[in-house]
Amino acid sequence: VTVIARRQLAEAMVRRVAWSEDGQTVYAAEQSPDATLHALDPATLTDRWSVDLADRVGHSALPAGEDLYGVYTLPGVYGLDVLPGGDVLVAAAHGWTDTSGTRANRSQIVRYGADGSVKAVWPPEPGDMVLLHPEVDAPGNRVAVPVTRSASGAAPSDLPIGGLQLLTLDTLTPTASMVVP
């Protein structure tokens, strides 16, 4: 095995990796203070473009001390799908407990173009929920997103907490939701 390129990402845990359809870009998605999505040249591992999802769901400082599980309080990319045509669908999620002991959540689904431009988002403003691992049906132009929540206080009444939100894939427009009792 020959190492072609090596890249170290500071203060990050890579959560997801995916290839573009043409093999010319490899995507690496972090859980880190900035929750960065990198579009990398596979030959050199230099960024073609990158975006900090924490700009959407909130930044966090590195956890203090030797907390092995502290990384999970950082914002992260919990879904990464390369779509036919080259767009990229990501689920960004952040759950943390503030200094007063109040638990908070913020999540959003974002569809990026192959050039890093934002094509669609849901919800329009990051929501008080946790969105993890969307399932894409590209031929059906739909995506199913599990919706959970770990935040303190009352859940937003307009979200299917503990259920699924169904969206169109092209515009991320909600089409249906369901909660399983």
# chains A, B, ... in the order shown; residues from 1 in each chain; ligands from 1

$ closest_atom_pairs --of "range 124-145 of chain A" --to "range 149-171 of chain A" --cutoff "6 Å" --atoms "only C-alpha atoms" --output "CSV"
residue,atom,partner,partner_atom,distance
A:Met129,CA,A:Arg149,CA,4.7
A:Val130,CA,A:Arg149,CA,5.2
A:Asn141,CA,A:Leu169,CA,4.8
A:Arg142,CA,A:Thr168,CA,4.4
A:Val143,CA,A:Leu167,CA,5.3
A:Ala144,CA,A:Leu166,CA,4.6
A:Val145,CA,A:Gln165,CA,5.2

$ closest_atom_pairs --of "range 77-158 of chain A" --to "range 39-63 of chain A" --cutoff "12 Å" --atoms "only C-alpha atoms" --output "tab-separated table"
residue	atom	partner	partner_atom	distance
A:Val77	CA	A:Leu53	CA	7.5
A:Tyr78	CA	A:Leu53	CA	11.0
A:Gly79	CA	A:Leu53	CA	11.9
A:Leu80	CA	A:Ala39	CA	11.7
A:Val82	CA	A:Ala39	CA	11.2
A:Gly86	CA	A:Ala39	CA	11.6
A:Asp87	CA	A:Ala39	CA	11.5
A:Val88	CA	A:Ala39	CA	10.0
A:Val90	CA	A:Leu53	CA	9.2
A:Ala91	CA	A:Leu53	CA	9.1
A:Ala92	CA	A:Leu53	CA	6.4
A:Ala93	CA	A:Val57	CA	6.5
A:His94	CA	A:Val57	CA	6.1
A:Gly95	CA	A:Val57	CA	9.2
A:Trp96	CA	A:Ser60	CA	8.5
A:Thr97	CA	A:Ser60	CA	10.6
A:Asp98	CA	A:Ser60	CA	10.3
A:Ala104	CA	A:Gly58	CA	10.6
A:Asn105	CA	A:Val57	CA	8.4
A:Arg106	CA	A:Val57	CA	5.3
A:Ser107	CA	A:Val57	CA	5.7
A:Gln108	CA	A:Val57	CA	7.1
A:Ile109	CA	A:Arg56	CA	9.9
A:Val110	CA	A:Leu53	CA	9.1
A:Arg111	CA	A:Leu53	CA	11.7
A:Tyr112	CA	A:Val51	CA	9.8
A:Gly113	CA	A:Trp49	CA	11.1
A:Ala114	CA	A:Ala39	CA	8.7
A:Asp115	CA	A:Trp49	CA	7.3
A:Gly116	CA	A:Trp49	CA	6.4
A:Ser117	CA	A:Val51	CA	9.5
A:Val118	CA	A:Val51	CA	10.2
A:Val121	CA	A:Arg56	CA	10.4
A:Trp122	CA	A:Arg56	CA	11.3
A:Pro123	CA	A:Arg56	CA	11.1
A:Pro124	CA	A:Arg56	CA	10.4
A:Glu125	CA	A:Arg56	CA	8.2
A:Pro126	CA	A:Val57	CA	6.2
A:Gly127	CA	A:Val57	CA	8.5
A:Asp128	CA	A:Val57	CA	9.8
A:Met129	CA	A:Val57	CA	10.6
A:Val130	CA	A:Val57	CA	10.4
A:Leu131	CA	A:Val57	CA	11.2

$ select_by_dssp --residues "range 4-140 of chain A" --states "strand (DSSP E)" --output "ChimeraX atom specification"
/A:13-19,26-31,36-40,47-52,76-82,88-97,103-112,118-127,130-131,135-137

$ residues_around --residues "Leu83 in chain A" --least-positions-apart "6" --cutoff "9 Å" --atoms "only C-alpha atoms" --output "PyMOL selection string"
chain A and resi 20-21+89+136+138

$ select_by_dssp --residues "range 6-181 of chain A" --states "helix (DSSP H, G or I)" --output "count of residues only"
8

$ closest_residue --among "A:Trp19, A:Pro139, A:His38, A:Gly65" --to "Asp81 in chain A" --atoms "only C-alpha atoms"
A:Trp19

$ atom_distance --atom1 "CA of Leu37 in chain A" --atom2 "CA of Leu172 in chain A"
19.3 Å

$ residues_around --residues "range 8-15 of chain A" --least-positions-apart "2" --cutoff "6 Å" --atoms "only C-alpha atoms" --output "mmCIF file with N, CA, C and O atoms, in the first residue's frame"
data_model
loop_
_atom_site.group_PDB
_atom_site.id
_atom_site.type_symbol
_atom_site.label_atom_id
_atom_site.label_comp_id
_atom_site.auth_asym_id
_atom_site.auth_seq_id
_atom_site.Cartn_x
_atom_site.Cartn_y
_atom_site.Cartn_z
ATOM 1 N N ALA A 29 -16.680 14.822 6.482
ATOM 2 C CA ALA A 29 -17.549 15.616 7.343
ATOM 3 C C ALA A 29 -17.143 15.394 8.794
ATOM 4 O O ALA A 29 -17.002 14.261 9.233
ATOM 5 N N GLU A 30 -16.983 16.480 9.523
ATOM 6 C CA GLU A 30 -16.443 16.445 10.884
ATOM 7 C C GLU A 30 -17.506 16.603 11.964
ATOM 8 O O GLU A 30 -18.555 17.198 11.742
ATOM 9 N N GLN A 31 -17.120 16.128 13.143
ATOM 10 C CA GLN A 31 -17.711 16.578 14.399
ATOM 11 C C GLN A 31 -16.565 17.317 15.077
ATOM 12 O O GLN A 31 -15.530 16.723 15.390
ATOM 13 N N SER A 32 -16.751 18.618 15.238
ATOM 14 C CA SER A 32 -15.675 19.482 15.720
ATOM 15 C C SER A 32 -16.289 20.803 16.174
ATOM 16 O O SER A 32 -17.480 21.027 15.973
#

$ atom_distance --atom1 "CA of Tyr72 in chain A" --atom2 "CA of Pro134 in chain A"
18.9 Å

$ closest_residue --among "A:Val180, A:Asp137, A:Val147, A:Thr173" --to "Ala120 in chain A" --atoms "only C-alpha atoms"
A:Thr173

$ atom_distance --atom1 "CA of Pro84 in chain A" --atom2 "CA of Gly140 in chain A"
12.1 Å

$ decode --residues "range 115-128 of chain A" --atoms "all heavy atoms" --output "PDB file, in the first residue's frame"
ATOM      1  N   ASP A 115     -20.308  22.779  -6.130  1.00  0.00           N
ATOM      2  CA  ASP A 115     -19.365  23.882  -5.949  1.00  0.00           C
ATOM      3  C   ASP A 115     -19.425  24.479  -4.541  1.00  0.00           C
ATOM      4  O   ASP A 115     -18.751  25.453  -4.244  1.00  0.00           O
ATOM      5  CB  ASP A 115     -19.631  24.975  -6.977  1.00  0.00           C
ATOM      6  CG  ASP A 115     -21.042  25.574  -6.863  1.00  0.00           C
ATOM      7  OD1 ASP A 115     -21.852  25.092  -6.023  1.00  0.00           O
ATOM      8  OD2 ASP A 115     -21.340  26.516  -7.614  1.00  0.00           O
ATOM      9  N   GLY A 116     -20.260  23.908  -3.662  1.00  0.00           N
ATOM     10  CA  GLY A 116     -20.376  24.405  -2.292  1.00  0.00           C
ATOM     11  C   GLY A 116     -21.469  25.436  -2.096  1.00  0.00           C
ATOM     12  O   GLY A 116     -21.668  25.920  -0.985  1.00  0.00           O
ATOM     13  N   SER A 117     -22.211  25.777  -3.148  1.00  0.00           N
ATOM     14  CA  SER A 117     -23.300  26.750  -3.016  1.00  0.00           C
ATOM     15  C   SER A 117     -24.505  26.085  -2.341  1.00  0.00           C
ATOM     16  O   SER A 117     -24.754  24.896  -2.518  1.00  0.00           O
ATOM     17  CB  SER A 117     -23.708  27.280  -4.390  1.00  0.00           C
ATOM     18  OG  SER A 117     -24.181  26.219  -5.210  1.00  0.00           O
ATOM     19  N   VAL A 118     -25.240  26.852  -1.558  1.00  0.00           N
ATOM     20  CA  VAL A 118     -26.438  26.344  -0.896  1.00  0.00           C
ATOM     21  C   VAL A 118     -27.584  26.313  -1.898  1.00  0.00           C
ATOM     22  O   VAL A 118     -27.922  27.331  -2.493  1.00  0.00           O
ATOM     23  CB  VAL A 118     -26.816  27.213   0.323  1.00  0.00           C
ATOM     24  CG1 VAL A 118     -28.126  26.746   0.933  1.00  0.00           C
ATOM     25  CG2 VAL A 118     -25.706  27.189   1.356  1.00  0.00           C
ATOM     26  N   LYS A 119     -28.189  25.129  -2.055  1.00  0.00           N
ATOM     27  CA  LYS A 119     -29.316  24.966  -2.981  1.00  0.00           C
ATOM     28  C   LYS A 119     -30.650  24.948  -2.244  1.00  0.00           C
ATOM     29  O   LYS A 119     -31.653  25.405  -2.778  1.00  0.00           O
ATOM     30  CB  LYS A 119     -29.156  23.662  -3.760  1.00  0.00           C
ATOM     31  CG  LYS A 119     -27.915  23.603  -4.628  1.00  0.00           C
ATOM     32  CD  LYS A 119     -28.291  23.891  -6.050  1.00  0.00           C
ATOM     33  CE  LYS A 119     -27.158  23.665  -7.000  1.00  0.00           C
ATOM     34  NZ  LYS A 119     -27.433  22.693  -8.005  1.00  0.00           N
ATOM     35  N   ALA A 120     -30.682  24.356  -1.039  1.00  0.00           N
ATOM     36  CA  ALA A 120     -31.930  24.270  -0.270  1.00  0.00           C
ATOM     37  C   ALA A 120     -31.591  23.969   1.186  1.00  0.00           C
ATOM     38  O   ALA A 120     -30.530  23.391   1.475  1.00  0.00           O
ATOM     39  CB  ALA A 120     -32.835  23.177  -0.842  1.00  0.00           C
ATOM     40  N   VAL A 121     -32.498  24.364   2.100  1.00  0.00           N
ATOM     41  CA  VAL A 121     -32.343  24.056   3.523  1.00  0.00           C
ATOM     42  C   VAL A 121     -33.710  23.711   4.123  1.00  0.00           C
ATOM     43  O   VAL A 121     -34.738  24.170   3.636  1.00  0.00           O
ATOM     44  CB  VAL A 121     -31.727  25.229   4.329  1.00  0.00           C
ATOM     45  CG1 VAL A 121     -30.324  25.546   3.856  1.00  0.00           C
ATOM     46  CG2 VAL A 121     -32.599  26.464   4.272  1.00  0.00           C
ATOM     47  N   TRP A 122     -33.698  22.889   5.155  1.00  0.00           N
ATOM     48  CA  TRP A 122     -34.892  22.631   5.968  1.00  0.00           C
ATOM     49  C   TRP A 122     -34.456  22.339   7.378  1.00  0.00           C
ATOM     50  O   TRP A 122     -33.529  21.566   7.579  1.00  0.00           O
ATOM     51  CB  TRP A 122     -35.718  21.453   5.450  1.00  0.00           C
ATOM     52  CG  TRP A 122     -36.943  21.293   6.312  1.00  0.00           C
ATOM     53  CD1 TRP A 122     -38.104  21.999   6.211  1.00  0.00           C
ATOM     54  CD2 TRP A 122     -37.089  20.447   7.452  1.00  0.00           C
ATOM     55  NE1 TRP A 122     -38.968  21.629   7.212  1.00  0.00           N
ATOM     56  CE2 TRP A 122     -38.369  20.668   7.993  1.00  0.00           C
ATOM     57  CE3 TRP A 122     -36.269  19.513   8.084  1.00  0.00           C
ATOM     58  CZ2 TRP A 122     -38.838  20.006   9.117  1.00  0.00           C
ATOM     59  CZ3 TRP A 122     -36.733  18.849   9.207  1.00  0.00           C
ATOM     60  CH2 TRP A 122     -38.019  19.102   9.706  1.00  0.00           C
ATOM     61  N   PRO A 123     -35.125  22.940   8.343  1.00  0.00           N
ATOM     62  CA  PRO A 123     -36.066  24.040   8.214  1.00  0.00           C
ATOM     63  C   PRO A 123     -35.331  25.314   7.824  1.00  0.00           C
ATOM     64  O   PRO A 123     -34.102  25.363   7.893  1.00  0.00           O
ATOM     65  CB  PRO A 123     -36.675  24.144   9.614  1.00  0.00           C
ATOM     66  CG  PRO A 123     -35.630  23.605  10.530  1.00  0.00           C
ATOM     67  CD  PRO A 123     -34.906  22.553   9.747  1.00  0.00           C
ATOM     68  N   PRO A 124     -36.081  26.378   7.426  1.00  0.00           N
ATOM     69  CA  PRO A 124     -35.419  27.613   6.988  1.00  0.00           C
ATOM     70  C   PRO A 124     -34.451  28.183   8.026  1.00  0.00           C
ATOM     71  O   PRO A 124     -33.408  28.700   7.677  1.00  0.00           O
ATOM     72  CB  PRO A 124     -36.578  28.579   6.733  1.00  0.00           C
ATOM     73  CG  PRO A 124     -37.737  27.680   6.435  1.00  0.00           C
ATOM     74  CD  PRO A 124     -37.536  26.446   7.272  1.00  0.00           C
ATOM     75  N   GLU A 125     -34.797  28.070   9.291  1.00  0.00           N
ATOM     76  CA  GLU A 125     -33.892  28.425  10.396  1.00  0.00           C
ATOM     77  C   GLU A 125     -33.630  27.137  11.168  1.00  0.00           C
ATOM     78  O   GLU A 125     -34.552  26.328  11.336  1.00  0.00           O
ATOM     79  CB  GLU A 125     -34.526  29.470  11.317  1.00  0.00           C
ATOM     80  CG  GLU A 125     -34.748  30.816  10.655  1.00  0.00           C
ATOM     81  CD  GLU A 125     -33.454  31.464  10.207  1.00  0.00           C
ATOM     82  OE1 GLU A 125     -32.436  31.387  10.945  1.00  0.00           O
ATOM     83  OE2 GLU A 125     -33.443  32.057   9.112  1.00  0.00           O
ATOM     84  N   PRO A 126     -32.407  26.915  11.647  1.00  0.00           N
ATOM     85  CA  PRO A 126     -32.124  25.674  12.378  1.00  0.00           C
ATOM     86  C   PRO A 126     -33.150  25.444  13.485  1.00  0.00           C
ATOM     87  O   PRO A 126     -33.529  26.376  14.197  1.00  0.00           O
ATOM     88  CB  PRO A 126     -30.726  25.900  12.937  1.00  0.00           C
ATOM     89  CG  PRO A 126     -30.108  26.876  11.984  1.00  0.00           C
ATOM     90  CD  PRO A 126     -31.241  27.786  11.572  1.00  0.00           C
ATOM     91  N   GLY A 127     -33.623  24.196  13.594  1.00  0.00           N
ATOM     92  CA  GLY A 127     -34.699  23.883  14.514  1.00  0.00           C
ATOM     93  C   GLY A 127     -34.248  23.321  15.849  1.00  0.00           C
ATOM     94  O   GLY A 127     -33.143  22.791  15.987  1.00  0.00           O
ATOM     95  N   ASP A 128     -35.142  23.392  16.823  1.00  0.00           N
ATOM     96  CA  ASP A 128     -34.948  22.882  18.186  1.00  0.00           C
ATOM     97  C   ASP A 128     -35.232  21.380  18.178  1.00  0.00           C
ATOM     98  O   ASP A 128     -36.256  20.910  18.676  1.00  0.00           O
ATOM     99  CB  ASP A 128     -35.884  23.626  19.141  1.00  0.00           C
ATOM    100  CG  ASP A 128     -35.745  23.155  20.584  1.00  0.00           C
ATOM    101  OD1 ASP A 128     -34.758  22.460  20.893  1.00  0.00           O
ATOM    102  OD2 ASP A 128     -36.640  23.471  21.380  1.00  0.00           O
TER     103      ASP A 128
END
